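Text of work03.csv (CSV, C-alpha atoms) as supplied:
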chain,number,residue,atom,x,y,z
W,153,MET,CA,0.0,0.0,0.0
W,154,PRO,CA,1.5,3.4,-1.0
W,155,ARG,CA,2.4,5.7,1.9
W,156,THR,CA,1.3,9.4,1.6
W,157,GLY,CA,3.4,12.4,2.2
W,158,SER,CA,3.9,16.0,1.1
W,159,VAL,CA,6.5,18.7,0.8
W,160,ASN,CA,6.1,22.5,1.2
W,161,TYR,CA,7.7,24.6,-1.6
W,162,LEU,CA,8.1,28.3,-1.8
W,163,PHE,CA,6.6,29.9,-4.9
W,164,GLY,CA,6.5,33.7,-5.1
W,165,THR,CA,5.7,35.0,-1.6
W,166,ARG,CA,3.8,31.9,-0.4
W,167,PHE,CA,4.4,28.3,0.5
W,168,PHE,CA,2.3,25.6,-1.1
W,169,LYS,CA,1.9,21.9,-0.5
W,170,MET,CA,2.8,19.2,-3.1
W,171,ALA,CA,1.5,15.8,-2.2
W,172,TYR,CA,3.1,12.4,-3.1
W,173,VAL,CA,2.8,8.7,-2.5
W,174,GLU,CA,5.8,6.5,-2.0
W,175,SER,CA,6.5,2.8,-1.8
W,176,GLY,CA,9.5,0.6,-1.2
W,177,ASN,CA,12.4,0.9,1.3
W,178,PRO,CA,13.4,4.6,1.9
W,179,ALA,CA,17.0,3.4,2.2
W,180,ALA,CA,16.9,1.9,-1.4
W,181,PRO,CA,17.9,3.7,-4.5
W,182,ALA,CA,15.2,6.3,-5.4
W,183,VAL,CA,13.0,6.6,-8.4
W,184,MET,CA,10.7,9.5,-9.0
W,185,CYS,CA,7.8,9.0,-11.3
W,186,VAL,CA,6.1,12.2,-12.6
W,187,HIS,CA,2.8,12.2,-14.5
W,188,GLY,CA,1.4,14.0,-17.5
W,189,LEU,CA,-0.6,17.2,-17.9
W,190,THR,CA,-4.1,16.2,-16.5
W,191,ARG,CA,-3.0,13.1,-14.5
W,192,ASN,CA,-1.7,12.4,-11.0
W,193,GLY,CA,0.9,10.3,-9.2
W,194,ARG,CA,-1.5,7.4,-8.7
W,195,ASP,CA,-1.1,6.6,-12.5
W,196,PHE,CA,2.1,4.9,-11.5
W,197,ASP,CA,0.8,2.5,-8.9
W,198,ALA,CA,1.4,-0.6,-11.0
W,199,LEU,CA,4.9,0.5,-12.0
W,200,ALA,CA,5.7,1.5,-8.4
W,201,ASP,CA,4.6,-2.0,-7.2
W,202,ALA,CA,6.8,-3.6,-9.8
W,203,LEU,CA,9.8,-1.5,-8.8
W,204,SER,CA,9.4,-1.3,-5.0
W,205,ASP,CA,11.3,-4.6,-4.3
W,206,ARG,CA,14.5,-2.8,-5.4
W,207,PHE,CA,13.7,0.9,-5.3
W,208,HIS,CA,12.3,3.6,-3.2
W,209,VAL,CA,9.6,5.0,-5.5
W,210,ILE,CA,8.1,8.5,-5.1
W,211,CYS,CA,5.2,9.6,-7.2
W,212,PRO,CA,4.2,13.3,-6.7
W,213,ASP,CA,1.0,15.1,-7.7
W,214,LEU,CA,2.1,18.2,-9.6
W,215,PRO,CA,0.8,21.5,-8.4
W,216,GLY,CA,-2.9,21.8,-9.2
W,217,ARG,CA,-3.4,18.0,-9.5
W,218,GLY,CA,-4.6,15.3,-7.1
W,219,LYS,CA,-4.0,16.2,-3.5
W,220,SER,CA,-1.6,19.0,-4.2
W,221,ASP,CA,-2.5,22.7,-3.6
W,222,TRP,CA,-4.1,24.6,-6.5
W,223,LEU,CA,-2.2,27.8,-7.5
W,224,PRO,CA,-4.0,31.2,-7.4
W,225,ASP,CA,-2.3,32.4,-10.6
W,226,SER,CA,-3.4,30.2,-13.5
W,227,MET,CA,-0.5,31.3,-15.6
W,228,ALA,CA,1.9,29.7,-13.1
W,229,TYR,CA,0.8,26.3,-14.4
W,230,GLN,CA,3.8,25.9,-16.6
W,231,PRO,CA,7.0,23.7,-16.4
W,232,PRO,CA,9.3,26.2,-14.6
W,233,THR,CA,6.8,26.3,-11.7
W,234,TYR,CA,6.6,22.5,-11.6
W,235,VAL,CA,10.4,22.3,-11.6
W,236,VAL,CA,10.5,24.6,-8.5
W,237,ALA,CA,8.2,22.3,-6.6
W,238,LEU,CA,10.0,19.2,-7.7
W,239,ALA,CA,13.3,20.7,-6.8
W,240,HIS,CA,12.0,21.1,-3.2
W,241,LEU,CA,11.0,17.4,-3.2
W,242,LEU,CA,14.5,16.4,-4.5
W,243,ALA,CA,16.1,18.5,-1.8
W,244,GLN,CA,13.9,16.8,0.9
W,245,LEU,CA,15.0,13.4,-0.5
W,246,ASN,CA,18.7,14.5,-0.5
W,247,LYS,CA,19.9,11.6,-2.5
W,248,PRO,CA,20.5,10.6,-6.2
W,249,VAL,CA,17.3,9.6,-8.0
W,250,ALA,CA,16.3,8.0,-11.3
W,251,TRP,CA,13.5,9.7,-13.1
W,252,VAL,CA,10.5,8.3,-15.0
W,253,GLY,CA,8.4,11.1,-16.6
W,254,THR,CA,5.3,10.8,-18.8
W,255,SER,CA,4.7,13.7,-21.2
W,256,LEU,CA,4.8,16.8,-19.0
W,257,GLY,CA,6.7,14.8,-16.3
W,258,GLY,CA,9.3,14.0,-19.0
W,259,ILE,CA,9.7,17.7,-19.8
W,260,CYS,CA,10.3,18.4,-16.2
W,261,GLY,CA,12.8,15.6,-16.0
W,262,MET,CA,14.7,16.9,-19.0
W,263,MET,CA,14.8,20.4,-17.5
W,264,ILE,CA,16.1,19.1,-14.2
W,265,ALA,CA,18.6,16.6,-15.7
W,266,ALA,CA,20.1,19.3,-17.8
W,267,ALA,CA,21.0,21.4,-14.8
W,268,GLN,CA,24.5,21.4,-13.3
W,269,ASN,CA,24.9,19.0,-10.4
W,270,ALA,CA,21.5,17.5,-11.0
W,271,PRO,CA,20.8,14.5,-8.8
W,272,ILE,CA,19.2,12.5,-11.7
W,273,THR,CA,21.2,9.3,-12.3
W,274,ARG,CA,19.0,7.8,-15.1
W,275,LEU,CA,16.2,9.4,-17.1
W,276,VAL,CA,13.2,7.7,-18.7
W,277,VAL,CA,11.0,9.9,-20.8
W,278,ASN,CA,7.6,8.5,-21.8
W,279,ASP,CA,6.3,9.7,-25.2
W,280,VAL,CA,7.8,13.2,-25.1
W,281,GLY,CA,10.9,14.7,-26.7
W,282,PRO,CA,12.8,17.9,-27.3
W,283,GLN,CA,10.5,18.8,-30.2
W,284,ILE,CA,6.7,18.9,-29.8
W,285,PRO,CA,4.5,19.6,-32.8
W,286,SER,CA,2.0,22.5,-32.4
W,287,ILE,CA,-0.8,20.3,-33.8
W,288,SER,CA,-0.3,18.0,-30.8
W,289,LEU,CA,-0.5,20.9,-28.3
W,290,LYS,CA,-3.7,22.1,-30.1
W,291,ARG,CA,-5.2,18.6,-29.8
W,292,ILE,CA,-4.5,18.5,-26.0
W,293,ARG,CA,-5.9,22.0,-25.6
W,294,ASP,CA,-9.1,21.1,-27.6
W,295,TYR,CA,-9.9,17.9,-25.6
W,296,MET,CA,-9.4,19.7,-22.3
W,297,THR,CA,-11.7,22.6,-23.3
W,298,ALA,CA,-14.3,20.2,-24.5
W,299,ALA,CA,-14.3,18.1,-21.2
W,300,PRO,CA,-17.4,18.4,-19.1
W,301,GLU,CA,-16.9,20.3,-15.8
W,302,ARG,CA,-19.2,17.8,-13.9
W,303,PHE,CA,-20.1,14.2,-14.2
W,304,VAL,CA,-23.2,12.6,-12.8
W,305,SER,CA,-21.5,9.4,-11.8
W,306,MET,CA,-18.1,7.7,-11.6
W,307,ALA,CA,-19.2,5.6,-14.5
W,308,ALA,CA,-19.7,8.7,-16.6
W,309,LEU,CA,-16.3,10.0,-15.7
W,310,GLU,CA,-14.6,6.7,-16.4
W,311,ALA,CA,-16.4,6.6,-19.8
W,312,HIS,CA,-14.9,10.1,-20.5
W,313,LEU,CA,-11.4,8.8,-19.6
W,314,ARG,CA,-11.7,5.8,-21.8
W,315,LEU,CA,-12.6,8.2,-24.7
W,316,VAL,CA,-10.0,10.9,-24.3
W,317,HIS,CA,-7.2,8.6,-23.2
W,318,ALA,CA,-7.8,5.7,-25.6
W,319,SER,CA,-4.3,6.3,-26.8
W,320,PHE,CA,-3.0,5.0,-23.4
W,321,GLY,CA,-3.2,1.6,-24.9
W,322,PRO,CA,-5.4,-1.5,-24.3
W,323,LEU,CA,-6.1,-1.3,-20.6
W,324,THR,CA,-8.2,-3.8,-18.6
W,325,ASP,CA,-11.5,-2.8,-16.9
W,326,ALA,CA,-9.7,-2.9,-13.6
W,327,GLN,CA,-7.0,-0.5,-14.8
W,328,TRP,CA,-9.5,2.0,-16.2
W,329,ALA,CA,-11.4,1.8,-12.9
W,330,HIS,CA,-8.2,2.5,-11.0
W,331,LEU,CA,-7.5,5.5,-13.2
W,332,ALA,CA,-11.0,6.8,-12.7
W,333,ARG,CA,-10.9,6.3,-9.0
W,334,PHE,CA,-7.9,8.5,-8.6
W,335,SER,CA,-9.0,11.0,-11.3
W,336,THR,CA,-12.1,12.0,-9.3
W,337,ARG,CA,-13.0,14.6,-6.8
W,338,GLN,CA,-16.5,15.0,-5.4
W,339,VAL,CA,-18.2,18.3,-5.9
W,340,LEU,CA,-21.7,19.8,-5.9
W,341,ASP,CA,-23.6,20.5,-9.0
W,342,GLN,CA,-25.7,23.6,-9.6
W,343,THR,CA,-28.7,22.2,-7.7
W,344,GLY,CA,-26.5,21.2,-4.7
W,345,GLU,CA,-26.5,17.5,-5.5
W,346,GLY,CA,-23.4,15.4,-5.4
W,347,ALA,CA,-21.4,15.2,-8.6
W,348,PHE,CA,-17.9,14.2,-9.8
W,349,ALA,CA,-15.2,16.3,-11.4
W,350,MET,CA,-11.7,15.6,-12.7
W,351,HIS,CA,-9.1,15.8,-9.9
W,352,TYR,CA,-7.2,18.9,-11.2
W,353,ASP,CA,-7.7,22.6,-11.2
W,354,PRO,CA,-9.6,23.4,-14.4
W,355,LYS,CA,-7.4,26.5,-14.8
W,356,ILE,CA,-4.3,24.4,-15.7
W,357,ILE,CA,-5.3,24.8,-19.3
W,358,GLU,CA,-5.2,28.6,-19.3
W,359,PRO,CA,-1.5,28.9,-20.3
W,360,LEU,CA,-2.3,26.9,-23.4
W,361,LEU,CA,-5.3,29.1,-24.2
W,362,ALA,CA,-3.3,32.3,-23.7
W,363,SER,CA,-1.1,31.7,-26.7
W,364,VAL,CA,-1.1,30.3,-30.2
W,365,PRO,CA,0.4,26.8,-30.1
W,366,LEU,CA,3.8,26.7,-31.7
W,367,ASP,CA,6.3,23.9,-32.2
W,368,ALA,CA,8.3,23.5,-28.9
W,369,ASP,CA,12.0,23.2,-29.4
W,370,MET,CA,14.0,21.9,-26.4
W,371,TRP,CA,17.0,20.4,-28.2
W,372,PRO,CA,19.5,22.6,-26.4
W,373,ILE,CA,18.1,21.2,-23.1
W,374,TRP,CA,18.3,17.7,-24.4
W,375,ASP,CA,21.9,18.1,-25.5
W,376,LEU,CA,23.0,19.1,-22.0
W,377,ILE,CA,21.8,15.9,-20.4
W,378,ARG,CA,24.6,13.5,-19.4
W,379,ALA,CA,22.6,10.9,-17.6
W,380,PRO,CA,21.8,7.6,-19.4
W,381,ARG,CA,18.4,8.0,-21.1
W,382,LEU,CA,15.6,5.6,-22.1
W,383,VAL,CA,13.0,7.0,-24.6
W,384,ILE,CA,9.6,5.3,-24.7
W,385,ARG,CA,7.4,6.0,-27.7
W,386,GLY,CA,3.8,5.1,-28.4
W,387,GLY,CA,3.7,3.5,-31.8
W,388,GLN,CA,0.9,5.8,-32.9
W,389,SER,CA,2.0,8.9,-31.0
W,390,ASP,CA,1.4,12.3,-32.6
W,391,LEU,CA,3.4,14.1,-29.9
W,392,LEU,CA,6.7,12.1,-30.0
W,393,THR,CA,7.0,11.8,-33.8
W,394,GLU,CA,9.2,9.0,-35.4
W,395,PRO,CA,11.8,11.5,-36.7
W,396,VAL,CA,12.2,13.1,-33.3
W,397,TYR,CA,12.4,9.7,-31.6
W,398,THR,CA,15.1,8.6,-34.1
W,399,ARG,CA,17.1,11.7,-33.6
W,400,MET,CA,17.0,11.1,-29.8
W,401,LEU,CA,18.4,7.6,-30.3
W,402,GLU,CA,21.1,9.0,-32.5
W,403,THR,CA,22.3,11.1,-29.5
W,404,GLY,CA,23.0,7.9,-27.5
W,405,ALA,CA,19.6,7.3,-25.8
W,406,GLU,CA,18.1,3.8,-25.6
W,407,GLY,CA,14.6,3.3,-27.1
W,408,TYR,CA,11.5,1.2,-26.7
W,409,VAL,CA,8.3,1.4,-28.7
W,410,VAL,CA,4.9,0.4,-27.3
W,411,GLN,CA,3.3,-0.6,-30.6
W,412,ASP,CA,-0.4,-0.6,-29.5
W,413,ALA,CA,-0.4,2.9,-27.8
W,414,GLY,CA,-0.4,6.5,-28.9
W,415,HIS,CA,0.2,9.4,-26.5
W,416,ALA,CA,1.1,8.3,-24.0
W,417,PRO,CA,1.6,4.7,-23.0
W,418,ALA,CA,0.1,4.0,-19.6
W,419,LEU,CA,3.1,1.9,-18.5
W,420,MET,CA,0.8,-0.6,-16.9
W,421,ASP,CA,1.6,-3.6,-19.1
W,422,TYR,CA,4.2,-6.1,-18.1
W,423,GLU,CA,6.6,-5.6,-21.0
W,424,SER,CA,6.8,-1.8,-20.5
W,425,MET,CA,7.4,-2.2,-16.8
W,426,ALA,CA,10.0,-4.9,-17.3
W,427,ARG,CA,11.9,-2.7,-19.8
W,428,ILE,CA,11.9,0.3,-17.4
W,429,LYS,CA,13.0,-1.9,-14.5
W,430,ALA,CA,15.8,-3.4,-16.5
W,431,PHE,CA,17.1,0.0,-17.5
W,432,LEU,CA,17.0,1.3,-13.9
W,433,LEU,CA,18.7,-1.8,-12.5
W,434,ALA,CA,21.5,-1.4,-15.0
W,435,GLY,CA,22.5,1.8,-13.1
W,436,LEU,CA,22.9,0.1,-9.7
Could you render the structure from this file as structure tokens?
Amino acid sequence: MPRTGSVNYLFGTRFFKMAYVESGNPAAPAVMCVHGLTRNGRDFDALADALSDRFHVICPDLPGRGKSDWLPDSMAYQPPTYVVALAHLLAQLNKPVAWVGTSLGGICGMMIAAAQNAPITRLVVNDVGPQIPSISLKRIRDYMTAAPERFVSMAALEAHLRLVHASFGPLTDAQWAHLARFSTRQVLDQTGEGAFAMHYDPKIIEPLLASVPLDADMWPIWDLIRAPRLVIRGGQSDLLTEPVYTRMLETGAEGYVVQDAGHAPALMDYESMARIKAFLLAGL
């Protein structure tokens, strides 16, 4: 059973709480698993269980998600803010860590791993790279703006997840139910009746709405990373394109393709978890 915890981080003139769950022996080598844009740390429960016999696994909820504090300024929901919060958690751990990051979590991992004296020993980026097509950012923006604010039942929310995250790959009913359970917060609808909403601040999309999506170019950051890297790509991904994936491998990174997924593989299948564990164990 994952253990819960939190770290306070200073942003601007105020401290905020970032929640996390952890599993495994705290004295073991550490692995931090960081989720994507609208997700939370409980997405990694299956992977954490697979790793916890050899590793201390920490899975935070990024600011505005899950059990972490929401931010008063919606324009702060951008990678530099997340890196500040994650840096506080790394300081609290005060030991080297391997990093597994899905999409946004991979961007944060790249930014931290590129810094001087970074504590990241190995970096796994799941379906994200140093170049992101604007059309993919527009797709993400569009599905977020089209999402209902309230759901009448958990079943309705799960049905929504199955639709918008079909590209996660072929998950079992139990796995979809797990994602739905931890994607939900209970709210009141306009009549005062109980309803369900996604477990994130709806304002996390506002930075995407405030600008015209352009291709993101982070190759200079990628080129600064010296830690061994594993790049995972969904075979049908529109965000980590095949040319970008190939170029990442040409820089010395290892690669693994999840053929039956798009953006982004859920990392709940045995083969993906085994590949990640083998890569992390190679660093011990």
request  = Excluding stretch 238-255 of chain W and any residue of its chain fewer than 3 positions from it, enumerate the residues within 8 Å of it, using only C-alpha atoms, and give them as a PyMOL selection string.
outcome  = chain W and resi 159-161+181-189+234-235+258-261+271-280+416+432
8 Å contact set for W:Pro282, all atoms listed in the file, chain neighbours under 4 positions out, as a short mmCIF file (atom, residue, chain, number, x, y, z; two decimals) with C-alpha atoms, in the coordinates of the input:
data_model
loop_
_atom_site.label_atom_id
_atom_site.label_comp_id
_atom_site.auth_asym_id
_atom_site.auth_seq_id
_atom_site.Cartn_x
_atom_site.Cartn_y
_atom_site.Cartn_z
CA ALA W 368 8.30 23.50 -28.90
CA ASP W 369 12.00 23.20 -29.40
CA MET W 370 14.00 21.90 -26.40
CA TRP W 371 17.00 20.40 -28.20
CA ILE W 373 18.10 21.20 -23.10
CA TRP W 374 18.30 17.70 -24.40
CA VAL W 396 12.20 13.10 -33.30
#
key: From W:Arg194, W:Arg217, W:Arg399, W:His415, residue lying nearest W:Arg385 [only C-alpha atoms]   =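 For W:Arg385, the nearest of the given residues is W:His415.
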Hey, could you make a per-residue contact list for stretch 210-317 of chain W against stretch 173-180 of chain W with 8 Å as the cut-off, showing the nearest pair of atoms and its distance in Å to one decimal, counting all atoms listed in the file, sorted by chain and number, as CSV?
residue,atom,partner,partner_atom,distance
W:Ile210,CA,W:Glu174,CA,4.3
W:Cys211,CA,W:Val173,CA,5.4
W:Pro212,CA,W:Val173,CA,6.4
Output C-alpha atoms of each residue in that selection to a file, as a CSV table (one decimal), in the frame of the given file.
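Output below, filename part_39.csv:
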chain,number,residue,atom,x,y,z
W,210,ILE,CA,8.1,8.5,-5.1
W,211,CYS,CA,5.2,9.6,-7.2
W,212,PRO,CA,4.2,13.3,-6.7
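Going from atom CA of W:Ser204 to atom CA of W:Gly386 covers 24.9 Å.
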query = Could you name the residues that touch stretch 298-300 of chain W at 10 Å or less, counting all atoms listed in the file, but leaving out those on the same chain fewer than 2 positions away, as an MDAnalysis selection string?
reply = chainID W and resid 293:296 302:303 309 312:313 316 349:350 354
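Considering the residues W:Ala379, W:Ile357, W:Ala198, W:Ile428 and counting all atoms listed in the file, W:Gly216 has its shortest atom-to-atom contact with W:Ile357.
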request  = Would you mind telling me which residue in W:Thr336, W:Ser363, W:Thr297, W:Ser424 lies nearest to W:Leu382 when using all atoms listed in the file?
outcome  =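 That would be W:Ser424, the residue with the smallest distance to W:Leu382.
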Could you pull the residues within 9 Å of W:Met227, counting only C-alpha atoms, minus those fewer than 6 positions along the same chain, as a PDB file with C-alpha atoms, in the coordinates of the input?
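Produced file result_6.pdb, reproduced below:
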ATOM      1  CA  LYS W 355      -7.400  26.500 -14.800  1.00  0.00           C
ATOM      2  CA  ILE W 356      -4.300  24.400 -15.700  1.00  0.00           C
ATOM      3  CA  ILE W 357      -5.300  24.800 -19.300  1.00  0.00           C
ATOM      4  CA  GLU W 358      -5.200  28.600 -19.300  1.00  0.00           C
ATOM      5  CA  PRO W 359      -1.500  28.900 -20.300  1.00  0.00           C
ATOM      6  CA  ALA W 362      -3.300  32.300 -23.700  1.00  0.00           C
TER       7      ALA W 362
END
task = Considering all atoms listed in the file, return as a VMD selection string whatever protein or nucleic-acid residues lie within 10 Å of W:Phe320, sequence-local ones (same chain, fewer than 6 positions apart) excluded.
result = chain W and resid 313 to 314 386 389 410 412 to 420
request  = Tell me, in Å to one decimal, how far atom CA of W:Ile384 is from atom CA of W:Leu360.
outcome  =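 Spanning atom CA of W:Ile384 to atom CA of W:Leu360 is a straight-line distance of 24.7 Å.
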Kindly complete stretch 210-245 of chain W to N, CA and C atoms; the output should be written as a PDB file, in the frame of the given file.
ATOM      1  N   ILE W 210       8.877   7.279  -5.538  1.00  0.00           N
ATOM      2  CA  ILE W 210       8.100   8.500  -5.100  1.00  0.00           C
ATOM      3  C   ILE W 210       7.361   9.016  -6.296  1.00  0.00           C
ATOM      4  N   CYS W 211       6.058   9.212  -6.118  1.00  0.00           N
ATOM      5  CA  CYS W 211       5.200   9.600  -7.200  1.00  0.00           C
ATOM      6  C   CYS W 211       4.409  10.882  -6.780  1.00  0.00           C
ATOM      7  N   PRO W 212       4.870  12.072  -7.147  1.00  0.00           N
ATOM      8  CA  PRO W 212       4.200  13.300  -6.700  1.00  0.00           C
ATOM      9  C   PRO W 212       2.970  13.631  -7.579  1.00  0.00           C
ATOM     10  N   ASP W 213       2.063  14.410  -6.994  1.00  0.00           N
ATOM     11  CA  ASP W 213       1.000  15.100  -7.700  1.00  0.00           C
ATOM     12  C   ASP W 213       1.511  16.495  -8.042  1.00  0.00           C
ATOM     13  N   LEU W 214       1.668  16.813  -9.309  1.00  0.00           N
ATOM     14  CA  LEU W 214       2.100  18.200  -9.600  1.00  0.00           C
ATOM     15  C   LEU W 214       1.170  19.217  -9.130  1.00  0.00           C
ATOM     16  N   PRO W 215       1.640  20.437  -8.911  1.00  0.00           N
ATOM     17  CA  PRO W 215       0.800  21.500  -8.400  1.00  0.00           C
ATOM     18  C   PRO W 215      -0.521  21.594  -9.259  1.00  0.00           C
ATOM     19  N   GLY W 216      -1.650  21.710  -8.547  1.00  0.00           N
ATOM     20  CA  GLY W 216      -2.900  21.800  -9.200  1.00  0.00           C
ATOM     21  C   GLY W 216      -3.569  20.466  -9.539  1.00  0.00           C
ATOM     22  N   ARG W 217      -2.913  19.363  -9.180  1.00  0.00           N
ATOM     23  CA  ARG W 217      -3.400  18.000  -9.500  1.00  0.00           C
ATOM     24  C   ARG W 217      -3.545  17.214  -8.193  1.00  0.00           C
ATOM     25  N   GLY W 218      -4.448  16.221  -8.244  1.00  0.00           N
ATOM     26  CA  GLY W 218      -4.600  15.300  -7.100  1.00  0.00           C
ATOM     27  C   GLY W 218      -4.722  15.988  -5.798  1.00  0.00           C
ATOM     28  N   LYS W 219      -3.889  15.618  -4.835  1.00  0.00           N
ATOM     29  CA  LYS W 219      -4.000  16.200  -3.500  1.00  0.00           C
ATOM     30  C   LYS W 219      -3.082  17.368  -3.245  1.00  0.00           C
ATOM     31  N   SER W 220      -2.432  17.850  -4.304  1.00  0.00           N
ATOM     32  CA  SER W 220      -1.600  19.000  -4.200  1.00  0.00           C
ATOM     33  C   SER W 220      -2.399  20.312  -4.209  1.00  0.00           C
ATOM     34  N   ASP W 221      -1.848  21.380  -3.621  1.00  0.00           N
ATOM     35  CA  ASP W 221      -2.500  22.700  -3.600  1.00  0.00           C
ATOM     36  C   ASP W 221      -2.712  23.203  -5.031  1.00  0.00           C
ATOM     37  N   TRP W 222      -3.837  23.879  -5.231  1.00  0.00           N
ATOM     38  CA  TRP W 222      -4.100  24.600  -6.500  1.00  0.00           C
ATOM     39  C   TRP W 222      -3.330  25.979  -6.334  1.00  0.00           C
ATOM     40  N   LEU W 223      -2.951  26.557  -7.466  1.00  0.00           N
ATOM     41  CA  LEU W 223      -2.200  27.800  -7.500  1.00  0.00           C
ATOM     42  C   LEU W 223      -3.210  28.971  -7.788  1.00  0.00           C
ATOM     43  N   PRO W 224      -3.062  30.109  -7.121  1.00  0.00           N
ATOM     44  CA  PRO W 224      -4.000  31.200  -7.400  1.00  0.00           C
ATOM     45  C   PRO W 224      -3.809  31.881  -8.714  1.00  0.00           C
ATOM     46  N   ASP W 225      -2.617  31.796  -9.286  1.00  0.00           N
ATOM     47  CA  ASP W 225      -2.300  32.400 -10.600  1.00  0.00           C
ATOM     48  C   ASP W 225      -2.315  31.286 -11.632  1.00  0.00           C
ATOM     49  N   SER W 226      -3.327  31.242 -12.494  1.00  0.00           N
ATOM     50  CA  SER W 226      -3.400  30.200 -13.500  1.00  0.00           C
ATOM     51  C   SER W 226      -2.236  30.144 -14.432  1.00  0.00           C
ATOM     52  N   MET W 227      -1.637  31.293 -14.698  1.00  0.00           N
ATOM     53  CA  MET W 227      -0.500  31.300 -15.600  1.00  0.00           C
ATOM     54  C   MET W 227       0.758  30.741 -15.029  1.00  0.00           C
ATOM     55  N   ALA W 228       0.713  30.395 -13.745  1.00  0.00           N
ATOM     56  CA  ALA W 228       1.900  29.700 -13.100  1.00  0.00           C
ATOM     57  C   ALA W 228       1.867  28.227 -13.434  1.00  0.00           C
ATOM     58  N   TYR W 229       0.802  27.719 -14.040  1.00  0.00           N
ATOM     59  CA  TYR W 229       0.800  26.300 -14.400  1.00  0.00           C
ATOM     60  C   TYR W 229       1.588  26.032 -15.643  1.00  0.00           C
ATOM     61  N   GLN W 230       2.898  26.101 -15.466  1.00  0.00           N
ATOM     62  CA  GLN W 230       3.800  25.900 -16.600  1.00  0.00           C
ATOM     63  C   GLN W 230       5.073  25.174 -16.004  1.00  0.00           C
ATOM     64  N   PRO W 231       5.864  24.526 -16.892  1.00  0.00           N
ATOM     65  CA  PRO W 231       7.000  23.700 -16.400  1.00  0.00           C
ATOM     66  C   PRO W 231       7.940  24.358 -15.431  1.00  0.00           C
ATOM     67  N   PRO W 232       8.327  25.635 -15.597  1.00  0.00           N
ATOM     68  CA  PRO W 232       9.300  26.200 -14.600  1.00  0.00           C
ATOM     69  C   PRO W 232       8.704  26.159 -13.175  1.00  0.00           C
ATOM     70  N   THR W 233       7.391  26.341 -13.015  1.00  0.00           N
ATOM     71  CA  THR W 233       6.800  26.300 -11.700  1.00  0.00           C
ATOM     72  C   THR W 233       6.877  24.832 -11.147  1.00  0.00           C
ATOM     73  N   TYR W 234       6.584  23.875 -11.984  1.00  0.00           N
ATOM     74  CA  TYR W 234       6.600  22.500 -11.600  1.00  0.00           C
ATOM     75  C   TYR W 234       8.056  22.078 -11.162  1.00  0.00           C
ATOM     76  N   VAL W 235       9.019  22.598 -11.902  1.00  0.00           N
ATOM     77  CA  VAL W 235      10.400  22.300 -11.600  1.00  0.00           C
ATOM     78  C   VAL W 235      10.791  22.849 -10.211  1.00  0.00           C
ATOM     79  N   VAL W 236      10.276  24.040  -9.876  1.00  0.00           N
ATOM     80  CA  VAL W 236      10.500  24.600  -8.500  1.00  0.00           C
ATOM     81  C   VAL W 236       9.993  23.660  -7.465  1.00  0.00           C
ATOM     82  N   ALA W 237       8.747  23.209  -7.627  1.00  0.00           N
ATOM     83  CA  ALA W 237       8.200  22.300  -6.600  1.00  0.00           C
ATOM     84  C   ALA W 237       8.920  20.996  -6.555  1.00  0.00           C
ATOM     85  N   LEU W 238       9.249  20.430  -7.707  1.00  0.00           N
ATOM     86  CA  LEU W 238      10.000  19.200  -7.700  1.00  0.00           C
ATOM     87  C   LEU W 238      11.368  19.287  -7.146  1.00  0.00           C
ATOM     88  N   ALA W 239      11.993  20.446  -7.334  1.00  0.00           N
ATOM     89  CA  ALA W 239      13.300  20.700  -6.800  1.00  0.00           C
ATOM     90  C   ALA W 239      13.261  20.637  -5.233  1.00  0.00           C
ATOM     91  N   HIS W 240      12.181  21.149  -4.658  1.00  0.00           N
ATOM     92  CA  HIS W 240      12.000  21.100  -3.200  1.00  0.00           C
ATOM     93  C   HIS W 240      11.909  19.617  -2.749  1.00  0.00           C
ATOM     94  N   LEU W 241      11.173  18.814  -3.510  1.00  0.00           N
ATOM     95  CA  LEU W 241      11.000  17.400  -3.200  1.00  0.00           C
ATOM     96  C   LEU W 241      12.393  16.692  -3.297  1.00  0.00           C
ATOM     97  N   LEU W 242      13.141  17.004  -4.341  1.00  0.00           N
ATOM     98  CA  LEU W 242      14.500  16.400  -4.500  1.00  0.00           C
ATOM     99  C   LEU W 242      15.386  16.821  -3.335  1.00  0.00           C
ATOM    100  N   ALA W 243      15.274  18.069  -2.903  1.00  0.00           N
ATOM    101  CA  ALA W 243      16.100  18.500  -1.800  1.00  0.00           C
ATOM    102  C   ALA W 243      15.705  17.789  -0.495  1.00  0.00           C
ATOM    103  N   GLN W 244      14.395  17.539  -0.325  1.00  0.00           N
ATOM    104  CA  GLN W 244      13.900  16.800   0.900  1.00  0.00           C
ATOM    105  C   GLN W 244      14.472  15.363   0.830  1.00  0.00           C
ATOM    106  N   LEU W 245      14.485  14.744  -0.335  1.00  0.00           N
ATOM    107  CA  LEU W 245      15.000  13.400  -0.500  1.00  0.00           C
ATOM    108  C   LEU W 245      16.528  13.365  -0.205  1.00  0.00           C
TER     109      LEU W 245
END
